[in-house]
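> Handing you this structure, nothing more for now.
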Amino acid sequence: MSRFKYSVGPWNVHEGADAYGPATRETIPFEEKIKSFKQMGFDAIQFHDDDAVPDMNNMTQDEIIGEAKKVKALLDKYDLKAEFVAPRLWMDKHTIDGGFTSNSKEDREFAMWRAFRSIDIANALGCDKIVLWLAREGTICYESKSPVQTTKWLIEAINRMLEYDKKIKIMIETKPNEPVDRSVCPTLGHAMAISSATIDPSRVGGLLESAHAMLAGLDPASEIGFAMAMGKLWGVHLNDQNGMKFDQDKSFGVENLRTAFNQMKVLMENGFGKNGEYIGLDVKVMRTQKQDGSYKHLENSLKIAKMLEEKIMKFDYEFQKKCVEERDYETLEMYVMELLMKG
Ligand code: XUL
Ligand code: MN
């Protein structure tokens with residue numbers, strides 16, 4: 001029995017298209033996906049605004065809320081919760097140059113409209129969290145934007161969201177690059193600083209994705225620990241990554257098992273989940289996988305996460321303490337390796 005509740009997004013079951021080639025699998029309808037998620041043992045669903053309300057740009061606020069209520073009924077049918085809503089500010093023609101930090105005032109206002117509607121959708125789905133993955137908030141040509149101005153615009157945008165809804169919480173999902181070259185808010189340290197500069201820091205926290213930390217050259221377990229020390233880690237996207245290249249969203253633990261172990265360990269040791277937080281798995285199946293394997297990466301990631309929970313339950317803290325006292329870190333390291341490698 002896992003001590004955690006797990007969540008997943010509909011985009012985690014996808015058709016396999018990448019920047020260099022088309023889809024390799026058929027689209028699976030939304031309801032079928034969430035039914036499978038429930039069967040696999042997930043507790044909550046993560047949403048982009050337009051995962052919940054497709055074509056929202058052409059709808060009024062009331063119509064959007066009406067559509068979101070239908071999605072809530074579907075979640076109830078399968079006894080699933082909504083974890084968060086994230087405005088998808090990277091696909092639209094209005095956000096080519098970014099959303100909140102676009103050089104176009106009109107586009108910045110469009111981004112706010114999507115953020116406010118995301119809050120409306122979150123309320124209709126019964127959740128109190130918005131995720132900001134700041135995909136295009138940064139530069140592809142350094143001289144095109146001021147790093148000071150864009151940071152201020154981002155703080156201003158978050159302040160407007162906090163004012164729009166006095167209960168909503170904002171989680172910044174940091175990523176150093178891709179699709180932009182240089183992000184405005186690349187690490188959780190930056191997210192914590194942004195939080196403290198807003199009108200209500202108690203409602204602005206972070207979401208750590210393992211792969212994103214690795215792309216910044218950082219250890220995801222340390223990023224988790226840093227944000228937890230601030231009381232501001234409200235979500236995670238566990239996955240894996242082979243080095244500093246494009247964002248791979250590999251199954252959790254398949255490349256860096258010890259790092260995966262330490263991410264679970266820091267979460268467990270510091271009571272992650274006690275305030276209702278979910279462990280999100282932001283993983284993608286390999287492009288080569290056939291249709292009937294569309295969920296395999298999720299099954300595998302869930303299994304690996306739960307196996308690591310078991311390993312951590314067995315972790316001998318007395319032995320660890322003794323090794324630390326004797327400053328015998330070689331023995332401690334070997335103990336961890338044996339714990340991971342023995343059945
Ligand atoms: C992108 C990423 C997204 C966000 C949600 O790298 O991680 O899936 O988590 O938009
Ligand atoms: Mn993510």
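Chain labels run A, B, ... following the order of the structure tokens; each chain numbers its residues from 1, and ligands are numbered from 1 in the order shown.
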Just want the residues within 12 Å of ligand 2, written as a PyMOL selection string, counting only C-alpha atoms and all ligand atoms.
chain A and resi 7-9+11-12+46-48+84+86+131-135+171-175+206-213+235-240+247-250+279-284
> Which neighbours of range 190-203 of chain A fall inside 10 Å, counting only C-alpha atoms, when residues of the same chain fewer than 5 positions from it are skipped, and could you give them as a ChimeraX atom specification?
/A:129,151-152,154-160,162-163,166-174,184-185,226-227,230-233
> Would you please give, as a PyMOL selection string, all residues of range 51-124 of chain A that DSSP assigns to strand (DSSP E or B) based on the backbone?
chain A and resi 81-86
> So which residues touch Ala82 in chain A within 7 Å, counting only C-alpha atoms, skipping near sequence neighbours fewer than 4 positions away, as a VMD selection string?
chain A and resid 44 to 46 125 to 127
> Given the selection you just returned, output its residues as a file containing all heavy atoms, formatted as a PDB file, in the first residue's frame.

ATOM      1  N   ALA A  44      -5.748  11.115  -9.191  1.00  0.00           N
ATOM      2  CA  ALA A  44      -6.142  12.445  -9.671  1.00  0.00           C
ATOM      3  C   ALA A  44      -5.627  12.688 -11.084  1.00  0.00           C
ATOM      4  O   ALA A  44      -4.660  12.075 -11.528  1.00  0.00           O
ATOM      5  CB  ALA A  44      -5.608  13.525  -8.728  1.00  0.00           C
ATOM      6  N   ILE A  45      -6.287  13.629 -11.755  1.00  0.00           N
ATOM      7  CA  ILE A  45      -5.940  13.993 -13.132  1.00  0.00           C
ATOM      8  C   ILE A  45      -5.429  15.432 -13.151  1.00  0.00           C
ATOM      9  O   ILE A  45      -5.969  16.303 -12.470  1.00  0.00           O
ATOM     10  CB  ILE A  45      -7.189  13.877 -14.056  1.00  0.00           C
ATOM     11  CG1 ILE A  45      -7.845  12.490 -13.932  1.00  0.00           C
ATOM     12  CG2 ILE A  45      -6.837  14.182 -15.509  1.00  0.00           C
ATOM     13  CD1 ILE A  45      -6.974  11.319 -14.349  1.00  0.00           C
ATOM     14  N   GLN A  46      -4.381  15.651 -13.944  1.00  0.00           N
ATOM     15  CA  GLN A  46      -3.848  16.996 -14.158  1.00  0.00           C
ATOM     16  C   GLN A  46      -4.405  17.493 -15.494  1.00  0.00           C
ATOM     17  O   GLN A  46      -4.530  16.720 -16.442  1.00  0.00           O
ATOM     18  CB  GLN A  46      -2.327  16.943 -14.249  1.00  0.00           C
ATOM     19  CG  GLN A  46      -1.657  16.185 -13.131  1.00  0.00           C
ATOM     20  CD  GLN A  46      -0.178  15.904 -13.419  1.00  0.00           C
ATOM     21  OE1 GLN A  46       0.359  16.303 -14.441  1.00  0.00           O
ATOM     22  NE2 GLN A  46       0.451  15.200 -12.512  1.00  0.00           N
ATOM     23  N   LEU A 125     -13.801  22.359 -11.517  1.00  0.00           N
ATOM     24  CA  LEU A 125     -13.324  20.974 -11.339  1.00  0.00           C
ATOM     25  C   LEU A 125     -13.082  20.632  -9.869  1.00  0.00           C
ATOM     26  O   LEU A 125     -12.725  19.504  -9.542  1.00  0.00           O
ATOM     27  CB  LEU A 125     -12.012  20.759 -12.117  1.00  0.00           C
ATOM     28  CG  LEU A 125     -12.077  20.847 -13.650  1.00  0.00           C
ATOM     29  CD1 LEU A 125     -10.695  20.610 -14.251  1.00  0.00           C
ATOM     30  CD2 LEU A 125     -13.065  19.826 -14.212  1.00  0.00           C
ATOM     31  N   GLY A 126     -13.242  21.627  -9.005  1.00  0.00           N
ATOM     32  CA  GLY A 126     -13.083  21.379  -7.566  1.00  0.00           C
ATOM     33  C   GLY A 126     -11.634  21.315  -7.121  1.00  0.00           C
ATOM     34  O   GLY A 126     -11.306  20.611  -6.160  1.00  0.00           O
ATOM     35  N   CYS A 127     -10.735  22.030  -7.799  1.00  0.00           N
ATOM     36  CA  CYS A 127      -9.351  22.068  -7.307  1.00  0.00           C
ATOM     37  C   CYS A 127      -8.907  23.515  -7.124  1.00  0.00           C
ATOM     38  O   CYS A 127      -9.475  24.433  -7.702  1.00  0.00           O
ATOM     39  CB  CYS A 127      -8.407  21.289  -8.215  1.00  0.00           C
ATOM     40  SG  CYS A 127      -8.103  22.009  -9.818  1.00  0.00           S
TER      41      CYS A 127
END
> Between A:Leu332, A:Val13, A:Ile119, A:Ala221, which residue has the minimum interatomic distance to ligand 1, considering only C-alpha atoms and all ligand atoms?
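Of the candidates, the smallest distance to ligand 1 is held by A:Val13.
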> Can you tell me how far CA of Ser222 in chain A sits from CA of Val85 in chain A, in Å to one decimal?
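Rounded to one decimal, the two atoms are 25.9 Å apart.
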> With only C-alpha atoms as the atoms that count, which of A:Asp107, A:Glu333, A:Glu309, A:Asp50 lies nearest to Thr95 in chain A?
A:Asp107
> Contacts of Pro29 in chain A at 10 Å or less, counting only C-alpha atoms, minus same-chain residues fewer than 4 places along, as a ChimeraX atom specification?
/A:10,33-34
> Between A:Glu31, A:Glu63, A:Glu325, A:Glu178, which one has atoms that come closest to ligand 1, using only C-alpha atoms and all ligand atoms?
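Distance minimum relative to ligand 1 lands on A:Glu178.
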> Pick the closest to ligand 1 from A:Arg3, A:Lys69, A:Arg136, A:Arg287: which is it, counting only C-alpha atoms and all ligand atoms?
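The answer is A:Arg136, which sits nearest to ligand 1.
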> Using only C-alpha atoms and all ligand atoms, pick whichever of A:Met59, A:Leu75, A:Met40, A:Val180 has the shortest atom-to-atom distance to ligand 1.
A:Val180
> Hey, can you check how far CA of Leu308 in chain A sits from CA of Leu257 in chain A?
9.2 Å
> For Gln263 in chain A, which of A:Gly276, A:Gly243, A:Gly99, A:Gly225 is the closest residue, counting only C-alpha atoms?
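Between A:Gly276, A:Gly243, A:Gly99, A:Gly225, the residue approaching Gln263 in chain A most closely is A:Gly225.
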> Excluding Tyr142 in chain A and any residue of its chain fewer than 4 positions from it, enumerate the residues within 9 Å of it, using only C-alpha atoms, and give them as a ChimeraX atom specification.
/A:138,146-147,181-182
> Which residues come within 10 Å of Val254 in chain A, counting only C-alpha atoms, excluding same-chain residues fewer than 6 positions away, as a ChimeraX atom specification?
/A:239-242,260,300-301,304
> I want to know what sits within 9 Å of Leu267 in chain A, based on only C-alpha atoms, with residues of the same chain fewer than 5 positions away left out; could you give that as a list of chain:residue names?
A:Ala221, A:Ile224, A:Gly225, A:Met228, A:Asn262, A:Phe272, A:Gly273
> Which value, in Å to one decimal, gives the distance between CA of Ala52 in chain A and CA of Thr187 in chain A?
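So the answer is 27.8 Å.
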> Can you tell me, as a VMD selection string, which residues in range 157-318 of chain A count as alpha helix (DSSP H) by DSSP?
chain A and resid 157 to 164 188 to 196 210 to 215 220 to 229 257 to 269 296 to 314 317 to 318
